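Below is one structure, written out as C-alpha cells; the observations come after it.
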Amino acid sequence: MSDSARGPREPRTFSFTSPMDESMRVLLINSNLKDDILAAPPIGLCYVASAAEAAGHEVRVLDLCFKPRIGQELEKAIIGFSPQVIGVSLRNLDNVNMLRLISYLPPALEIVQQIRALSAAPLVLGGSGASLDPQGVLEFLHGDYVIVSEGEKSFVALLEALNRGESPAHIPGVGMRRQGEFHLTPPQLTSFPSGNPRLSRWLDLDPYEKMGGSYTVQTKRGCRMRCIYCTYNQVLEGNRLRLRSPSEVVDEIEEAVYKFKPEAFEFVDSVFNDPIGHCQEILEEIIRRPWKARFSTMGVSPKNLDSQFLHLMQRAGFTSFMISPESASETMLSNYQKGFDLEDLHRAAETINRFSFPVLWNFLIGGPGETHRTLEETLKFIERYLVRKPGPPHNLANIFLGVRLYPGTKLWQIAVEENFVHDQCSPLRPLWYLSRELDLDVTVRQLHRAACRRPEIALGGMEKYLPLTKIFGVVRKVFPFPKPYWQHLLWVNQLLINLGVRCLFHAVGVPAQLREYLRLQSNKPISAPKS
C-alpha cells in the first residue's frame with residue numbers, strides 16, 4: 001500500500017549528511033495549475049528558494065503551471081536531481097467562487113501521490129493554501145511537515161534540523177504529527193525577510209506574460225486593515241506592517257528590467273497604498289531611475305486616493321490597477337470593517353474617472369447585514385460611477401456572491417454564532433456565509449438584470465469561460481491586445497448584449513443549489529474530504 005493510501009502518519013527521522021557537509025538537494029514544486037488569465041507566478045516559492053540557496057543548499061524549482069505532462073515533468077525533475085527534501089506549494093484551497101466552485105486539492109493530491117511513487121524524501125507542504133488549514137492540508141495530502149505563513153526562515157531551519165537528524169517540532173511555523181497528534185509551533189512574524197526573490201532566476205515567466213501576467217513584486221507584508229473575512233490580516237501575514245526599504249524594492253525592479261526585460265510589473269501587497277508615505281517613496285524612487293517600466297497593482301484602497309497620488313502612479317508608469325471596496329453600501333462597508341466610508345469611495349471613484357487607468361473593481365455580496373437594499377446601493381454605484389463613455393479606458397465590476405469562511409477570521413466566529421458552520425467543520429470543503437436577509441431568487445434576478453444591461457458587470461458564473469481566455473495568448477501573436485487582458489471582457493459582454501444573447505447566460509436553478517448547499521453546511525458537521 002502506498003503512503004498516500006495509509007492516512008496521516010508521523011514523520012520519520014531523517015539524517016542525510018555528515019557534519020562536514022551541511023548542504024542538501026532541495027526540490028521546490030509549484031502545484032498551482034491555473035493557466036488561464038488569472039495565472040500568477042509563485043512569488044512566495046521564489047522567496048523560499050532564494051533563502052534556501054543563500055543558506056548553502058542546492059535548490060531547484062519545478063513550476064507545473066502550463067505543463068501538459070505533469071507526470072513526466074515530476075519524473076524528470078526527481079530522478080535526475082535525487083532531491084533529499086521536496087517542498088510542494090499550494091497557492092489556495094479553491095477558487096473562492098460560490099457560483100462556480102473548483103477545488104485545487106484533488107489535483108494537488110495527484111501530484112503528491114506521483115511524488116511519493118518516485119521518492120522517499122521528506123515532503124514539506126507550504127504556500128498560503130496550506131496556511132489556511134495546516135492540519136487539514138497535512139493530513140489530506142499526507143505530507144511529513146507543513147510550513148505555516150512565511151517560509152524563508154522556518155523552511156531553512158527545518159532543513160538544518162533534518163540534516164542533523166533532529167526533531168523540527170520546536171521551529172516556529174513548522175507543523176507535523178507528533179505522538180499521534182498534530183503539533184504546530186506558531187510562526188513568528190518579525191521583519192520582512194531581506195533578499196531578492198529573483199523570479200526569473202527560478203521561473204520561466206514567458207507563459208505567464210503570454211496570459212497577461214506580470215513580474216510580481218512585494219513591498220511589504222502584513223495588513224493593518226480589519227476586514228472581517230480576510231485571511232491576510234488575521235492568518236497569513238498578521239496585522240502589523242513590515243516594510244521593505246523603498247530603494248531595495250526599486251533595486252529589485254531595476255535588476256529585473258536590465259536582466260530579464262519583463263513586459264510589466266505587478267505589486268502584490270494586500271494594500272498597495274498603505275502606508276501612503278511608504279508607497280509614495282517607492283513611486284518617487286521609480287521616477288528617479290533612468291529606465292521606464294509598466295506597472296499594475298492588485299490592491300488599492302479608496303482611502304487617500306486623490307488626484308495627486310494617481311498622478312504620481314501615472315508618472316511612475318502605472319497602466320492599470322485593481323480596487324476591492326466589496327460594497328458601495330455604508331452599512332456593508334461598516335459591517336465588513338473596511339476602514340473607509342462611502343464618502344471615501346465616491347471621492348475615489350470620481351477621481352479615478354478623471355484618469356485613463358483601466359480599473360478592475362471587486363464586490364463581495366452576501367456578508368453580515370446584506371439586504372436587497374444594500375445590494376441595490378452597490379448596483380446603483382456601479383451604474384453611476386463605473387459606466388464610462390464608449391471606448392477605453394474601462395471599469396470592470398467583478399461581483400462575487402457569497403463570502404468564503406476561514407477559521408481564524410472574525411467572520412468565522414460570526415458564522416459559528418449564526419449556525420452557518422460548526423467548530424468541527426473543515427475549510428478543506430468550501431464553507432460560505434450568505435446573508436439570510438437575502439431572498440436568493442430575488443438576488444440572482446437583481447444581479448442577472450444588472451449584468452444584462454451593463455457590460456461593465458462580470459458575475460462569478462463567468463468563471464466557467466476562463467479557459468477561453470487562453471486565446472489571448474494565441475491571438476496576441478498577430479493582434480497585440482493591450483494589457484491587462486481582463487479589460488477586454490467588457491467588449492465581449494457588450495457584443496453579447498448587442499446580439500441579445502447575454503441574458504441567455506443564466507444559471508437556471510442556482511438559487512435552489514445555493515440554498516441546498518447552505519442547508520447541508522449548517523445542519524450537520526462537515527468532515528474533511530476523503531482522498
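Following the order of the C-alpha cells, chains are lettered A, B, ..., residues in each are numbered from 1, and ligands are numbered from 1.
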Exercise for review: For A:Arg116, please output as a PyMOL selection string all residues within 12 Å (counting only C-alpha atoms; exclusion window: fewer than 2 positions along the same chain).
Suggested key: chain A and resi 1-5+71+74-75+78+85-86+88+109-114+118-123+141-144
Exercise for review: Considering only C-alpha atoms, return as a list in words whatever protein or nucleic-acid residues lie within 12 Å of A:Cys452, sequence-local ones (same chain, fewer than 2 positions apart) excluded.
Suggested key: Arg445, Gln446, Leu447, His448, Arg449, Ala450, Arg454, Pro455, Glu456, Ile457, Ala458, Leu459, Asn493, Gln494, Leu495, Leu496, Ile497, Asn498, Leu499, Gly500, Val501, Arg502, Cys503, Leu504, Phe505 and His506 of chain A
Would you mind exporting the chosen residues as an mmCIF file, in the first residue's frame, restricted to N, CA and C atoms?
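Writing done, so here's out_11.cif:
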data_model
loop_
_atom_site.group_PDB
_atom_site.id
_atom_site.type_symbol
_atom_site.label_atom_id
_atom_site.label_comp_id
_atom_site.auth_asym_id
_atom_site.auth_seq_id
_atom_site.Cartn_x
_atom_site.Cartn_y
_atom_site.Cartn_z
ATOM 1 N N ARG A 445 -31.898 37.380 -9.580
ATOM 2 C CA ARG A 445 -32.550 38.191 -10.613
ATOM 3 C C ARG A 445 -31.974 39.606 -10.645
ATOM 4 N N GLN A 446 -31.727 40.184 -9.456
ATOM 5 C CA GLN A 446 -31.128 41.522 -9.391
ATOM 6 C C GLN A 446 -29.797 41.558 -10.129
ATOM 7 N N LEU A 447 -28.943 40.596 -9.822
ATOM 8 C CA LEU A 447 -27.616 40.559 -10.432
ATOM 9 C C LEU A 447 -27.715 40.279 -11.934
ATOM 10 N N HIS A 448 -28.592 39.366 -12.296
ATOM 11 C CA HIS A 448 -28.726 38.995 -13.709
ATOM 12 C C HIS A 448 -29.231 40.177 -14.535
ATOM 13 N N ARG A 449 -30.241 40.894 -14.029
ATOM 14 C CA ARG A 449 -30.766 42.048 -14.761
ATOM 15 C C ARG A 449 -29.696 43.108 -14.945
ATOM 16 N N ALA A 450 -28.916 43.344 -13.886
ATOM 17 C CA ALA A 450 -27.866 44.361 -13.973
ATOM 18 C C ALA A 450 -26.814 43.963 -15.001
ATOM 19 N N ARG A 454 -25.637 46.064 -18.321
ATOM 20 C CA ARG A 454 -24.347 46.744 -18.275
ATOM 21 C C ARG A 454 -23.188 45.801 -18.547
ATOM 22 N N PRO A 455 -22.430 46.029 -19.623
ATOM 23 C CA PRO A 455 -21.271 45.176 -19.921
ATOM 24 C C PRO A 455 -20.156 45.338 -18.891
ATOM 25 N N GLU A 456 -20.225 46.393 -18.090
ATOM 26 C CA GLU A 456 -19.185 46.617 -17.068
ATOM 27 C C GLU A 456 -19.265 45.612 -15.928
ATOM 28 N N ILE A 457 -20.329 44.824 -15.879
ATOM 29 C CA ILE A 457 -20.537 43.882 -14.778
ATOM 30 C C ILE A 457 -20.170 42.465 -15.207
ATOM 31 N N ALA A 458 -19.307 41.821 -14.419
ATOM 32 C CA ALA A 458 -18.960 40.414 -14.613
ATOM 33 C C ALA A 458 -19.387 39.658 -13.363
ATOM 34 N N LEU A 459 -20.120 38.560 -13.543
ATOM 35 C CA LEU A 459 -20.584 37.756 -12.424
ATOM 36 C C LEU A 459 -19.721 36.511 -12.259
ATOM 37 N N ASN A 493 -18.683 41.308 -23.340
ATOM 38 C CA ASN A 493 -20.019 41.450 -22.758
ATOM 39 C C ASN A 493 -20.907 42.345 -23.626
ATOM 40 N N GLN A 494 -20.339 43.442 -24.137
ATOM 41 C CA GLN A 494 -21.109 44.358 -24.973
ATOM 42 C C GLN A 494 -21.571 43.672 -26.251
ATOM 43 N N LEU A 495 -20.702 42.847 -26.829
ATOM 44 C CA LEU A 495 -21.080 42.108 -28.032
ATOM 45 C C LEU A 495 -22.242 41.167 -27.737
ATOM 46 N N LEU A 496 -22.183 40.471 -26.603
ATOM 47 C CA LEU A 496 -23.262 39.557 -26.226
ATOM 48 C C LEU A 496 -24.570 40.310 -26.018
ATOM 49 N N ILE A 497 -24.483 41.510 -25.416
ATOM 50 C CA ILE A 497 -25.685 42.325 -25.215
ATOM 51 C C ILE A 497 -26.250 42.773 -26.555
ATOM 52 N N ASN A 498 -25.378 43.234 -27.442
ATOM 53 C CA ASN A 498 -25.832 43.699 -28.760
ATOM 54 C C ASN A 498 -26.501 42.587 -29.561
ATOM 55 N N LEU A 499 -26.003 41.365 -29.391
ATOM 56 C CA LEU A 499 -26.571 40.225 -30.103
ATOM 57 C C LEU A 499 -27.826 39.687 -29.415
ATOM 58 N N GLY A 500 -28.101 40.236 -28.239
ATOM 59 C CA GLY A 500 -29.281 39.808 -27.500
ATOM 60 C C GLY A 500 -29.170 38.446 -26.865
ATOM 61 N N VAL A 501 -27.928 37.978 -26.625
ATOM 62 C CA VAL A 501 -27.756 36.629 -26.084
ATOM 63 C C VAL A 501 -27.158 36.608 -24.680
ATOM 64 N N ARG A 502 -26.744 37.778 -24.170
ATOM 65 C CA ARG A 502 -26.129 37.723 -22.836
ATOM 66 C C ARG A 502 -27.129 37.260 -21.789
ATOM 67 N N CYS A 503 -28.384 37.623 -21.936
ATOM 68 C CA CYS A 503 -29.402 37.206 -20.969
ATOM 69 C C CYS A 503 -29.633 35.698 -20.998
ATOM 70 N N LEU A 504 -29.144 35.029 -22.049
ATOM 71 C CA LEU A 504 -29.285 33.579 -22.109
ATOM 72 C C LEU A 504 -28.290 32.882 -21.193
ATOM 73 N N PHE A 505 -27.201 33.590 -20.847
ATOM 74 C CA PHE A 505 -26.195 33.011 -19.962
ATOM 75 C C PHE A 505 -26.692 33.144 -18.526
ATOM 76 N N HIS A 506 -27.687 32.357 -18.219
ATOM 77 C CA HIS A 506 -28.434 32.480 -16.982
ATOM 78 C C HIS A 506 -28.350 31.138 -16.268
#
Review point. Do you know which residues are at most 7 Å from stretch 191-206 of chain A counting only C-alpha atoms, after dropping those on the same chain fewer than 2 positions away, and could you put them as a count of residues only?
Key: 17
**Study point:** Nearest to A:Ser154, chosen from A:Leu401, A:Val250, A:Leu345, A:Ala51, with only C-alpha atoms counted in the distances
**Key:**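 Once distances to A:Ser154 are computed over only C-alpha atoms, the minimum belongs to A:Ala51.
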Practice item. Within 12 Å of A:Glu417, counting only C-alpha atoms, which residues show up once you throw out same-chain ones fewer than 5 positions away? Write them as a ChimeraX atom specification, please. Key: /A:368,410-412,422-423,433,522
Take the residues from that selection and put them in a file with N, CA and C atoms, as a compact mmCIF listing (two decimals), in the first residue's frame.
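Writing done, so here's result27.txt:
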# COMPACT_ATOMS: atom_id res chain seq x y z
N PRO A 368 -22.55 39.75 6.43
CA PRO A 368 -23.50 40.03 7.51
C PRO A 368 -24.23 41.35 7.29
N LYS A 410 -12.66 36.88 11.89
CA LYS A 410 -13.81 37.32 12.68
C LYS A 410 -15.11 36.81 12.08
N LEU A 411 -15.17 36.73 10.75
CA LEU A 411 -16.38 36.25 10.11
C LEU A 411 -16.65 34.79 10.46
N TRP A 412 -15.60 34.00 10.67
CA TRP A 412 -15.79 32.60 11.07
C TRP A 412 -16.55 32.52 12.39
N HIS A 422 -20.00 24.78 12.04
CA HIS A 422 -19.72 24.27 13.37
C HIS A 422 -18.22 24.34 13.60
N ASP A 423 -17.81 24.28 14.85
CA ASP A 423 -16.38 24.36 15.17
C ASP A 423 -15.59 23.22 14.53
N TYR A 433 -20.59 32.10 3.92
CA TYR A 433 -21.57 32.95 4.59
C TYR A 433 -22.37 33.65 3.51
N SER A 522 -25.00 23.94 7.26
CA SER A 522 -25.35 24.41 8.61
C SER A 522 -26.02 23.34 9.46
Review point. So which residues touch A:Ile171 within 8 Å, counting only C-alpha atoms, skipping near sequence neighbours fewer than 3 positions away, as JSON, numbers by chain?
Key: {"A": [154, 157, 158, 168, 174, 185]}
